[in-house]
Every structure is written in C-alpha cells, then in structure tokens.
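> Have a peek at coords_33.txt (compact mmCIF, N, CA and C atoms).
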# COMPACT_ATOMS: atom_id res chain seq x y z
N MET Z 547 1.27 46.66 80.82
CA MET Z 547 1.29 48.02 81.34
C MET Z 547 0.90 47.98 82.82
N ILE Z 548 1.61 48.78 83.61
CA ILE Z 548 1.32 48.92 85.03
C ILE Z 548 1.06 50.39 85.32
N LEU Z 549 0.11 50.65 86.21
CA LEU Z 549 -0.18 52.01 86.65
C LEU Z 549 0.45 52.23 88.02
N VAL Z 550 1.16 53.34 88.17
CA VAL Z 550 1.79 53.73 89.43
C VAL Z 550 1.23 55.09 89.81
N THR Z 551 0.80 55.25 91.06
CA THR Z 551 0.18 56.50 91.49
C THR Z 551 0.91 57.09 92.68
N ARG Z 552 1.10 58.40 92.62
CA ARG Z 552 1.69 59.17 93.72
C ARG Z 552 0.66 60.20 94.18
N LYS Z 553 0.49 60.30 95.49
CA LYS Z 553 -0.46 61.25 96.07
C LYS Z 553 0.31 62.45 96.61
N ALA Z 554 -0.25 63.65 96.43
CA ALA Z 554 0.35 64.88 96.93
C ALA Z 554 -0.76 65.77 97.48
N HIS Z 555 -0.38 66.73 98.31
CA HIS Z 555 -1.34 67.65 98.92
C HIS Z 555 -0.88 69.08 98.72
N PHE Z 556 -1.85 69.97 98.62
CA PHE Z 556 -1.55 71.41 98.67
C PHE Z 556 -2.79 72.13 99.18
N ASN Z 557 -2.56 73.28 99.78
CA ASN Z 557 -3.63 74.14 100.28
C ASN Z 557 -3.63 75.41 99.44
N ALA Z 558 -4.80 75.80 98.97
CA ALA Z 558 -4.86 76.99 98.14
C ALA Z 558 -6.25 77.61 98.22
N ALA Z 559 -6.30 78.90 97.92
CA ALA Z 559 -7.56 79.64 97.87
C ALA Z 559 -7.92 79.94 96.43
N HIS Z 560 -9.21 80.12 96.19
CA HIS Z 560 -9.66 80.55 94.87
C HIS Z 560 -11.05 81.15 94.99
N LYS Z 561 -11.49 81.69 93.88
CA LYS Z 561 -12.84 82.23 93.78
C LYS Z 561 -13.34 81.87 92.39
N LEU Z 562 -14.56 81.40 92.33
CA LEU Z 562 -15.20 81.17 91.04
C LEU Z 562 -15.99 82.41 90.69
N TRP Z 563 -15.63 83.00 89.56
CA TRP Z 563 -16.23 84.28 89.18
C TRP Z 563 -16.08 84.46 87.68
N ASN Z 564 -17.18 84.73 87.02
CA ASN Z 564 -17.15 85.04 85.60
C ASN Z 564 -17.25 86.55 85.45
N PRO Z 565 -16.19 87.21 84.99
CA PRO Z 565 -16.21 88.67 84.92
C PRO Z 565 -17.21 89.23 83.90
N GLN Z 566 -17.75 88.38 83.04
CA GLN Z 566 -18.75 88.82 82.07
C GLN Z 566 -20.16 88.87 82.68
N TRP Z 567 -20.29 88.33 83.90
CA TRP Z 567 -21.58 88.32 84.58
C TRP Z 567 -21.59 89.37 85.69
N ASP Z 568 -22.78 89.79 86.08
CA ASP Z 568 -22.89 90.69 87.23
C ASP Z 568 -22.80 89.86 88.53
N GLU Z 569 -22.74 90.59 89.64
CA GLU Z 569 -22.57 89.93 90.94
C GLU Z 569 -23.71 88.95 91.24
N ALA Z 570 -24.94 89.34 90.90
CA ALA Z 570 -26.10 88.48 91.18
C ALA Z 570 -26.00 87.16 90.43
N ARG Z 571 -25.62 87.23 89.16
CA ARG Z 571 -25.50 85.99 88.35
C ARG Z 571 -24.38 85.11 88.88
N ASN Z 572 -23.23 85.71 89.23
CA ASN Z 572 -22.12 84.94 89.79
C ASN Z 572 -22.54 84.25 91.08
N GLU Z 573 -23.23 84.95 91.94
CA GLU Z 573 -23.68 84.35 93.20
C GLU Z 573 -24.71 83.27 92.97
N GLU Z 574 -25.58 83.47 91.97
CA GLU Z 574 -26.59 82.46 91.64
C GLU Z 574 -25.92 81.17 91.16
N VAL Z 575 -24.94 81.29 90.30
CA VAL Z 575 -24.29 80.10 89.71
C VAL Z 575 -23.27 79.48 90.66
N PHE Z 576 -22.43 80.31 91.27
CA PHE Z 576 -21.30 79.80 92.05
C PHE Z 576 -21.53 79.79 93.55
N GLY Z 577 -22.58 80.42 94.03
CA GLY Z 577 -22.89 80.41 95.46
C GLY Z 577 -21.72 80.89 96.31
N LYS Z 578 -21.44 80.15 97.39
CA LYS Z 578 -20.36 80.53 98.31
C LYS Z 578 -19.00 80.56 97.62
N CYS Z 579 -18.85 79.86 96.53
CA CYS Z 579 -17.57 79.83 95.81
C CYS Z 579 -17.26 81.17 95.13
N ALA Z 580 -18.25 82.06 95.07
CA ALA Z 580 -18.05 83.40 94.50
C ALA Z 580 -17.76 84.43 95.58
N ASN Z 581 -17.49 83.98 96.78
CA ASN Z 581 -17.24 84.88 97.92
C ASN Z 581 -16.15 85.89 97.57
N LYS Z 582 -16.43 87.18 97.78
CA LYS Z 582 -15.46 88.21 97.43
C LYS Z 582 -14.18 88.12 98.26
N HIS Z 583 -14.24 87.41 99.38
CA HIS Z 583 -13.07 87.23 100.23
C HIS Z 583 -12.35 85.90 99.96
N TRP Z 584 -12.72 85.23 98.86
CA TRP Z 584 -12.11 83.98 98.46
C TRP Z 584 -12.51 82.86 99.42
N HIS Z 585 -12.07 81.67 99.14
CA HIS Z 585 -12.25 80.53 100.03
C HIS Z 585 -11.16 79.52 99.69
N GLY Z 586 -10.86 78.63 100.63
CA GLY Z 586 -9.74 77.72 100.44
C GLY Z 586 -10.13 76.27 100.55
N HIS Z 587 -9.22 75.44 100.06
CA HIS Z 587 -9.39 73.99 100.11
C HIS Z 587 -8.06 73.33 100.46
N ASN Z 588 -8.17 72.16 101.03
CA ASN Z 588 -7.03 71.26 101.22
C ASN Z 588 -7.11 70.25 100.08
N PHE Z 589 -6.43 70.55 98.99
CA PHE Z 589 -6.50 69.72 97.79
C PHE Z 589 -5.65 68.46 97.95
N GLU Z 590 -6.12 67.40 97.33
CA GLU Z 590 -5.36 66.15 97.26
C GLU Z 590 -5.24 65.80 95.78
N LEU Z 591 -4.03 65.53 95.34
CA LEU Z 591 -3.75 65.24 93.94
C LEU Z 591 -3.18 63.83 93.82
N TRP Z 592 -3.76 63.03 92.96
CA TRP Z 592 -3.27 61.69 92.66
C TRP Z 592 -2.77 61.71 91.21
N VAL Z 593 -1.49 61.48 91.03
CA VAL Z 593 -0.86 61.48 89.71
C VAL Z 593 -0.55 60.03 89.35
N THR Z 594 -1.12 59.56 88.23
CA THR Z 594 -0.92 58.18 87.80
C THR Z 594 -0.10 58.15 86.52
N VAL Z 595 0.94 57.33 86.56
CA VAL Z 595 1.85 57.12 85.43
C VAL Z 595 1.66 55.68 84.97
N ALA Z 596 1.62 55.47 83.66
CA ALA Z 596 1.47 54.13 83.09
C ALA Z 596 2.74 53.76 82.35
N GLY Z 597 3.14 52.52 82.50
CA GLY Z 597 4.33 52.11 81.77
C GLY Z 597 4.69 50.66 81.96
N GLU Z 598 5.88 50.37 81.52
CA GLU Z 598 6.43 49.03 81.61
C GLU Z 598 7.52 49.01 82.68
N VAL Z 599 7.68 47.90 83.33
CA VAL Z 599 8.67 47.75 84.38
C VAL Z 599 10.07 47.70 83.78
N ASP Z 600 10.96 48.50 84.33
CA ASP Z 600 12.37 48.48 83.95
C ASP Z 600 12.99 47.22 84.55
N PRO Z 601 13.55 46.34 83.73
CA PRO Z 601 14.10 45.10 84.27
C PRO Z 601 15.30 45.33 85.19
N ASP Z 602 15.98 46.46 85.06
CA ASP Z 602 17.14 46.74 85.91
C ASP Z 602 16.74 47.22 87.31
N THR Z 603 15.64 47.96 87.42
CA THR Z 603 15.24 48.53 88.71
C THR Z 603 14.00 47.87 89.30
N GLY Z 604 13.17 47.27 88.45
CA GLY Z 604 11.89 46.75 88.91
C GLY Z 604 10.83 47.84 89.02
N PHE Z 605 11.16 49.08 88.62
CA PHE Z 605 10.25 50.22 88.70
C PHE Z 605 9.65 50.52 87.33
N VAL Z 606 8.45 51.07 87.34
CA VAL Z 606 7.92 51.74 86.15
C VAL Z 606 8.56 53.12 86.08
N VAL Z 607 8.50 53.84 87.21
CA VAL Z 607 9.09 55.17 87.35
C VAL Z 607 9.68 55.24 88.75
N ASP Z 608 10.80 55.89 88.88
CA ASP Z 608 11.41 56.11 90.19
C ASP Z 608 10.50 57.07 90.96
N LEU Z 609 9.92 56.61 92.06
CA LEU Z 609 8.97 57.43 92.81
C LEU Z 609 9.62 58.66 93.42
N LYS Z 610 10.91 58.61 93.70
CA LYS Z 610 11.60 59.82 94.18
C LYS Z 610 11.62 60.88 93.08
N LEU Z 611 11.87 60.47 91.84
CA LEU Z 611 11.85 61.39 90.71
C LEU Z 611 10.44 61.93 90.49
N LEU Z 612 9.44 61.06 90.54
CA LEU Z 612 8.06 61.49 90.36
C LEU Z 612 7.69 62.52 91.43
N LYS Z 613 8.07 62.28 92.67
CA LYS Z 613 7.81 63.22 93.75
C LYS Z 613 8.47 64.58 93.46
N LYS Z 614 9.71 64.57 93.03
CA LYS Z 614 10.42 65.83 92.73
C LYS Z 614 9.72 66.62 91.63
N ILE Z 615 9.29 65.94 90.59
CA ILE Z 615 8.61 66.59 89.47
C ILE Z 615 7.30 67.21 89.94
N ILE Z 616 6.51 66.46 90.70
CA ILE Z 616 5.23 66.96 91.19
C ILE Z 616 5.45 68.16 92.10
N GLU Z 617 6.41 68.06 92.99
CA GLU Z 617 6.66 69.17 93.92
C GLU Z 617 7.11 70.42 93.19
N ALA Z 618 8.05 70.28 92.25
CA ALA Z 618 8.59 71.45 91.55
C ALA Z 618 7.57 72.07 90.60
N ARG Z 619 6.84 71.26 89.88
CA ARG Z 619 5.97 71.77 88.81
C ARG Z 619 4.55 72.11 89.27
N VAL Z 620 4.11 71.51 90.41
CA VAL Z 620 2.72 71.68 90.83
C VAL Z 620 2.62 72.22 92.26
N ILE Z 621 3.20 71.52 93.20
CA ILE Z 621 3.01 71.87 94.61
C ILE Z 621 3.64 73.23 94.93
N GLU Z 622 4.86 73.45 94.49
CA GLU Z 622 5.53 74.71 94.78
C GLU Z 622 4.73 75.93 94.30
N PRO Z 623 4.24 75.95 93.06
CA PRO Z 623 3.47 77.12 92.64
C PRO Z 623 2.08 77.23 93.27
N LEU Z 624 1.49 76.10 93.70
CA LEU Z 624 0.11 76.12 94.18
C LEU Z 624 -0.03 76.22 95.69
N ASP Z 625 0.86 75.60 96.44
CA ASP Z 625 0.66 75.49 97.89
C ASP Z 625 0.65 76.86 98.55
N HIS Z 626 -0.37 77.09 99.36
CA HIS Z 626 -0.58 78.35 100.09
C HIS Z 626 -0.61 79.55 99.14
N SER Z 627 -1.30 79.38 98.02
CA SER Z 627 -1.41 80.45 97.03
C SER Z 627 -2.87 80.81 96.82
N ASN Z 628 -3.07 81.89 96.12
CA ASN Z 628 -4.37 82.25 95.59
C ASN Z 628 -4.33 81.83 94.12
N ILE Z 629 -5.07 80.81 93.78
CA ILE Z 629 -5.02 80.24 92.43
C ILE Z 629 -5.33 81.29 91.37
N ASN Z 630 -6.29 82.16 91.65
CA ASN Z 630 -6.68 83.18 90.68
C ASN Z 630 -5.59 84.21 90.44
N LEU Z 631 -4.82 84.54 91.47
CA LEU Z 631 -3.89 85.65 91.39
C LEU Z 631 -2.42 85.26 91.33
N ASP Z 632 -2.03 84.17 91.98
CA ASP Z 632 -0.62 83.88 92.21
C ASP Z 632 -0.01 82.82 91.31
N VAL Z 633 -0.80 82.06 90.61
CA VAL Z 633 -0.29 80.87 89.91
C VAL Z 633 -0.18 81.17 88.41
N PRO Z 634 1.05 81.30 87.90
CA PRO Z 634 1.22 81.68 86.49
C PRO Z 634 0.46 80.78 85.51
N PHE Z 635 0.46 79.46 85.75
CA PHE Z 635 -0.18 78.59 84.77
C PHE Z 635 -1.72 78.61 84.86
N MET Z 636 -2.27 79.37 85.79
CA MET Z 636 -3.73 79.52 85.87
C MET Z 636 -4.20 80.89 85.40
N GLN Z 637 -3.30 81.75 85.00
CA GLN Z 637 -3.69 83.09 84.55
C GLN Z 637 -4.61 83.00 83.34
N GLY Z 638 -5.70 83.76 83.39
CA GLY Z 638 -6.65 83.79 82.28
C GLY Z 638 -7.63 82.62 82.26
N ARG Z 639 -7.62 81.79 83.30
CA ARG Z 639 -8.54 80.64 83.36
C ARG Z 639 -9.45 80.78 84.57
N MET Z 640 -10.67 80.30 84.42
CA MET Z 640 -11.56 80.17 85.57
C MET Z 640 -10.91 79.16 86.51
N ALA Z 641 -10.87 79.48 87.79
CA ALA Z 641 -10.15 78.64 88.77
C ALA Z 641 -11.00 77.49 89.29
N SER Z 642 -11.70 76.82 88.39
CA SER Z 642 -12.47 75.63 88.77
C SER Z 642 -11.53 74.45 88.94
N THR Z 643 -11.99 73.45 89.64
CA THR Z 643 -11.17 72.24 89.83
C THR Z 643 -10.92 71.56 88.48
N GLU Z 644 -11.88 71.58 87.59
CA GLU Z 644 -11.71 70.98 86.27
C GLU Z 644 -10.58 71.69 85.51
N ASN Z 645 -10.61 73.02 85.48
CA ASN Z 645 -9.55 73.76 84.79
C ASN Z 645 -8.20 73.60 85.47
N LEU Z 646 -8.21 73.53 86.79
CA LEU Z 646 -6.96 73.32 87.51
C LEU Z 646 -6.36 71.96 87.17
N ALA Z 647 -7.17 70.93 87.08
CA ALA Z 647 -6.67 69.60 86.71
C ALA Z 647 -6.04 69.63 85.31
N MET Z 648 -6.68 70.31 84.37
CA MET Z 648 -6.12 70.39 83.02
C MET Z 648 -4.80 71.17 83.02
N ALA Z 649 -4.72 72.23 83.82
CA ALA Z 649 -3.48 73.01 83.90
C ALA Z 649 -2.37 72.22 84.56
N ILE Z 650 -2.70 71.43 85.56
CA ILE Z 650 -1.69 70.57 86.20
C ILE Z 650 -1.17 69.55 85.19
N TRP Z 651 -2.07 68.97 84.40
CA TRP Z 651 -1.65 68.03 83.36
C TRP Z 651 -0.59 68.68 82.46
N GLU Z 652 -0.85 69.91 82.05
CA GLU Z 652 0.09 70.63 81.17
C GLU Z 652 1.46 70.79 81.84
N GLN Z 653 1.48 70.93 83.15
CA GLN Z 653 2.74 71.08 83.88
C GLN Z 653 3.51 69.76 83.97
N LEU Z 654 2.79 68.65 83.97
CA LEU Z 654 3.42 67.34 84.20
C LEU Z 654 3.66 66.52 82.94
N TRP Z 655 2.93 66.80 81.87
CA TRP Z 655 2.99 65.94 80.69
C TRP Z 655 4.43 65.80 80.16
N GLU Z 656 5.06 66.91 79.85
CA GLU Z 656 6.38 66.84 79.23
C GLU Z 656 7.44 66.21 80.15
N PRO Z 657 7.52 66.60 81.43
CA PRO Z 657 8.53 65.96 82.28
C PRO Z 657 8.30 64.46 82.50
N LEU Z 658 7.08 64.00 82.25
CA LEU Z 658 6.78 62.57 82.43
C LEU Z 658 6.63 61.84 81.09
N LEU Z 659 7.15 62.43 80.05
CA LEU Z 659 7.14 61.81 78.73
C LEU Z 659 8.46 61.06 78.57
N HIS Z 660 8.41 59.76 78.68
CA HIS Z 660 9.60 58.91 78.72
C HIS Z 660 9.37 57.72 77.80
N PRO Z 661 10.40 57.15 77.24
CA PRO Z 661 10.19 55.99 76.35
C PRO Z 661 9.50 54.80 77.03
N ARG Z 662 9.62 54.69 78.35
CA ARG Z 662 9.06 53.54 79.07
C ARG Z 662 7.77 53.88 79.83
N TYR Z 663 7.48 55.16 80.06
CA TYR Z 663 6.26 55.52 80.80
C TYR Z 663 5.74 56.88 80.34
N ARG Z 664 4.47 57.12 80.69
CA ARG Z 664 3.79 58.38 80.35
C ARG Z 664 2.83 58.73 81.48
N LEU Z 665 2.52 60.02 81.58
CA LEU Z 665 1.44 60.45 82.46
C LEU Z 665 0.16 59.82 81.93
N TYR Z 666 -0.61 59.21 82.82
CA TYR Z 666 -1.83 58.50 82.43
C TYR Z 666 -3.09 59.25 82.84
N SER Z 667 -3.14 59.69 84.12
CA SER Z 667 -4.33 60.40 84.58
C SER Z 667 -3.99 61.21 85.83
N LEU Z 668 -4.88 62.15 86.13
CA LEU Z 668 -4.82 62.93 87.36
C LEU Z 668 -6.17 62.82 88.03
N GLN Z 669 -6.18 62.70 89.34
CA GLN Z 669 -7.41 62.86 90.09
C GLN Z 669 -7.14 63.95 91.12
N LEU Z 670 -7.96 64.98 91.08
CA LEU Z 670 -7.80 66.14 91.96
C LEU Z 670 -9.02 66.25 92.85
N PHE Z 671 -8.80 66.09 94.16
CA PHE Z 671 -9.87 66.21 95.15
C PHE Z 671 -9.87 67.64 95.67
N GLU Z 672 -10.99 68.33 95.50
CA GLU Z 672 -11.17 69.65 96.08
C GLU Z 672 -11.62 69.51 97.53
N THR Z 673 -12.45 68.53 97.79
CA THR Z 673 -12.91 68.16 99.13
C THR Z 673 -12.89 66.64 99.19
N PRO Z 674 -13.05 66.06 100.37
CA PRO Z 674 -13.12 64.58 100.41
C PRO Z 674 -14.26 64.00 99.58
N ASN Z 675 -15.29 64.81 99.30
CA ASN Z 675 -16.45 64.33 98.56
C ASN Z 675 -16.48 64.73 97.10
N ASN Z 676 -15.63 65.67 96.67
CA ASN Z 676 -15.68 66.19 95.30
C ASN Z 676 -14.32 66.09 94.64
N SER Z 677 -14.28 65.42 93.51
CA SER Z 677 -13.03 65.31 92.77
C SER Z 677 -13.31 65.29 91.28
N VAL Z 678 -12.26 65.55 90.51
CA VAL Z 678 -12.31 65.39 89.07
C VAL Z 678 -11.18 64.46 88.66
N THR Z 679 -11.42 63.70 87.61
CA THR Z 679 -10.39 62.82 87.05
C THR Z 679 -10.17 63.27 85.62
N TYR Z 680 -8.90 63.39 85.24
CA TYR Z 680 -8.58 63.90 83.90
C TYR Z 680 -7.60 62.97 83.21
N TYR Z 681 -7.97 62.55 82.01
CA TYR Z 681 -7.10 61.82 81.09
C TYR Z 681 -6.81 62.79 79.97
N GLY Z 682 -5.69 63.47 80.05
CA GLY Z 682 -5.42 64.58 79.16
C GLY Z 682 -5.04 64.19 77.76
N PRO Z 683 -4.91 65.21 76.91
CA PRO Z 683 -4.48 64.96 75.54
C PRO Z 683 -3.04 64.48 75.53
N GLY Z 684 -2.70 63.75 74.54
CA GLY Z 684 -1.32 63.33 74.40
C GLY Z 684 -1.07 61.91 74.80
N PHE Z 685 -1.93 61.31 75.61
CA PHE Z 685 -1.68 59.93 75.99
C PHE Z 685 -2.20 59.02 74.90
N VAL Z 686 -1.28 58.40 74.18
CA VAL Z 686 -1.67 57.53 73.07
C VAL Z 686 -1.16 56.13 73.27
N GLY Z 687 -0.82 55.80 74.49
CA GLY Z 687 -0.32 54.48 74.77
C GLY Z 687 1.18 54.46 74.90
N LEU Z 688 1.71 53.30 75.07
CA LEU Z 688 3.12 53.12 75.34
C LEU Z 688 3.76 52.28 74.26
N PRO Z 689 5.06 52.43 74.12
CA PRO Z 689 5.75 51.53 73.17
C PRO Z 689 5.63 50.08 73.65
N ALA Z 690 5.71 49.17 72.72
CA ALA Z 690 5.66 47.76 73.06
C ALA Z 690 6.84 47.40 73.97
N ALA Z 691 6.58 46.50 74.90
CA ALA Z 691 7.64 46.05 75.80
C ALA Z 691 8.73 45.35 75.00
N THR Z 692 9.98 45.58 75.42
CA THR Z 692 11.08 44.94 74.70
C THR Z 692 11.65 43.80 75.46
Take the structure in the file and give it back as structure tokens.

Amino acid sequence: MILVTRKAHFNAAHKLWNPQWDEARNEEVFGKCANKHWHGHNFELWVTVAGEVDPDTGFVVDLKLLKKIIEARVIEPLDHSNINLDVPFMQGRMASTENLAMAIWEQLWEPLLHPRYRLYSLQLFETPNNSVTYYGPGFVGLPAAT
C-alpha cells in the first residue's frame, strides 16, 4: 500500500456558537471564535489516498483527477464562504474544524471509493499551529494486490 497526498487551500469565515447557551457561556467557552462579526481562516487541507500502484500508469490515483474531485466537492463550496451560513454540507453542524473535517470526508469518500484506492485520511489546518487529522468511517483497507 502507498499513501498519496494532495494539498489544497481555501479561505472561509465561521463562528463557534452553541445556540442552547447564552452569550456569556458562548464567549467563555469559545472566546474570540464566538465573535458576532465572525472570523476567518486560511485553511489548508491535506487529502491522503491509500492504494496500490496501477501497473499501466505507475500511479495510485491520477493526481489531476484527485485535484478535480477536491476542487468540485470541497473547495468550490467552501472557498470565500461563511461556513455557518453558506455551505450546504455544514448546515445544522457546529462549524468547528473537527466537524468540518468530518463533513469534508463525507464529500470525498464516495468519489474516492475505487477498487485500487480509497480515501485514507484528511488533515485540516485551521492555522499553521492548529490542525485536526481524521480517519473517517468506511476505510477498511484495500483489496489484495493482483
């Protein structure tokens, strides 16, 4: 098995806010991230695919195809958006980086489900110092090499 990773970027705003809490509790827990005027990040996304090398191409996955999938399913809906308000796959979810990583996984899992490769992990950087890594449900390994 070989791991192949593609990096992508998007800029987006969000607010961390629990509507079941009052303003004081939200500010206590989320601090500046609960700003009523929102706040933004320059996100960096690392998408890792695991698989076997295709003997005809020498690739695990065609990186041009991987780029197209990431752009269409993730970057297009997220870039220069308000995650809380504008992104259909984030509706009804707290706009934390952890929840965003899980939602991105849901957008990429099926298009990257192939007999020779699968989505393996996501690493989402909210800042250069803060990131989450997600190994989502559904990854159960790969078929044996033929």
> Leaving out Tyr666 of chain Z and any residue of its chain fewer than 2 positions from it, which residues lie within 8 Å of it when counting only C-alpha atoms, given as number ranges by chain?
Z: 549, 593-596, 664, 668, 681-682, 685
> Using all atoms of segment 651-656 of chain Z that appear in the file, construct an axis-aligned enclosing box with 3 Å of padding on every side and provide its centre coordinates and edge lengths in Å, rounded to one decimal, as JSON.

{"center_x": 2.7, "center_y": 68.4, "center_z": 81.8, "size_x": 15.5, "size_y": 11.3, "size_z": 11.2}
> Can you work out the spacing between atom C of Leu562 of chain Z and atom C of Cys579 of chain Z in Å, to one decimal?
4.8 Å
> At a cut-off of 6 Å around the point (-2.1, 64.9, 93.8) (file coordinates), what residues fall inside when counting only C-alpha atoms? I'd like the answer as a list in words.
Lys553, Ala554, His555, Glu590, Leu591, Trp592 and Val593 of chain Z
> With distances taken over all atoms listed in the file, which of Z:Lys561, Z:Arg552, Z:Thr643, Z:Ala580 is nearest to Lys613 of chain Z?
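Comparing Z:Lys561, Z:Arg552, Z:Thr643, Z:Ala580 against Lys613 of chain Z, the winner is Z:Arg552.
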> Can you work out the spacing between atom N of Ile629 of chain Z and atom CA of Leu659 of chain Z in Å, to one decimal?
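Result for atom N of Ile629 of chain Z versus atom CA of Leu659 of chain Z: 27.1 Å, one decimal.
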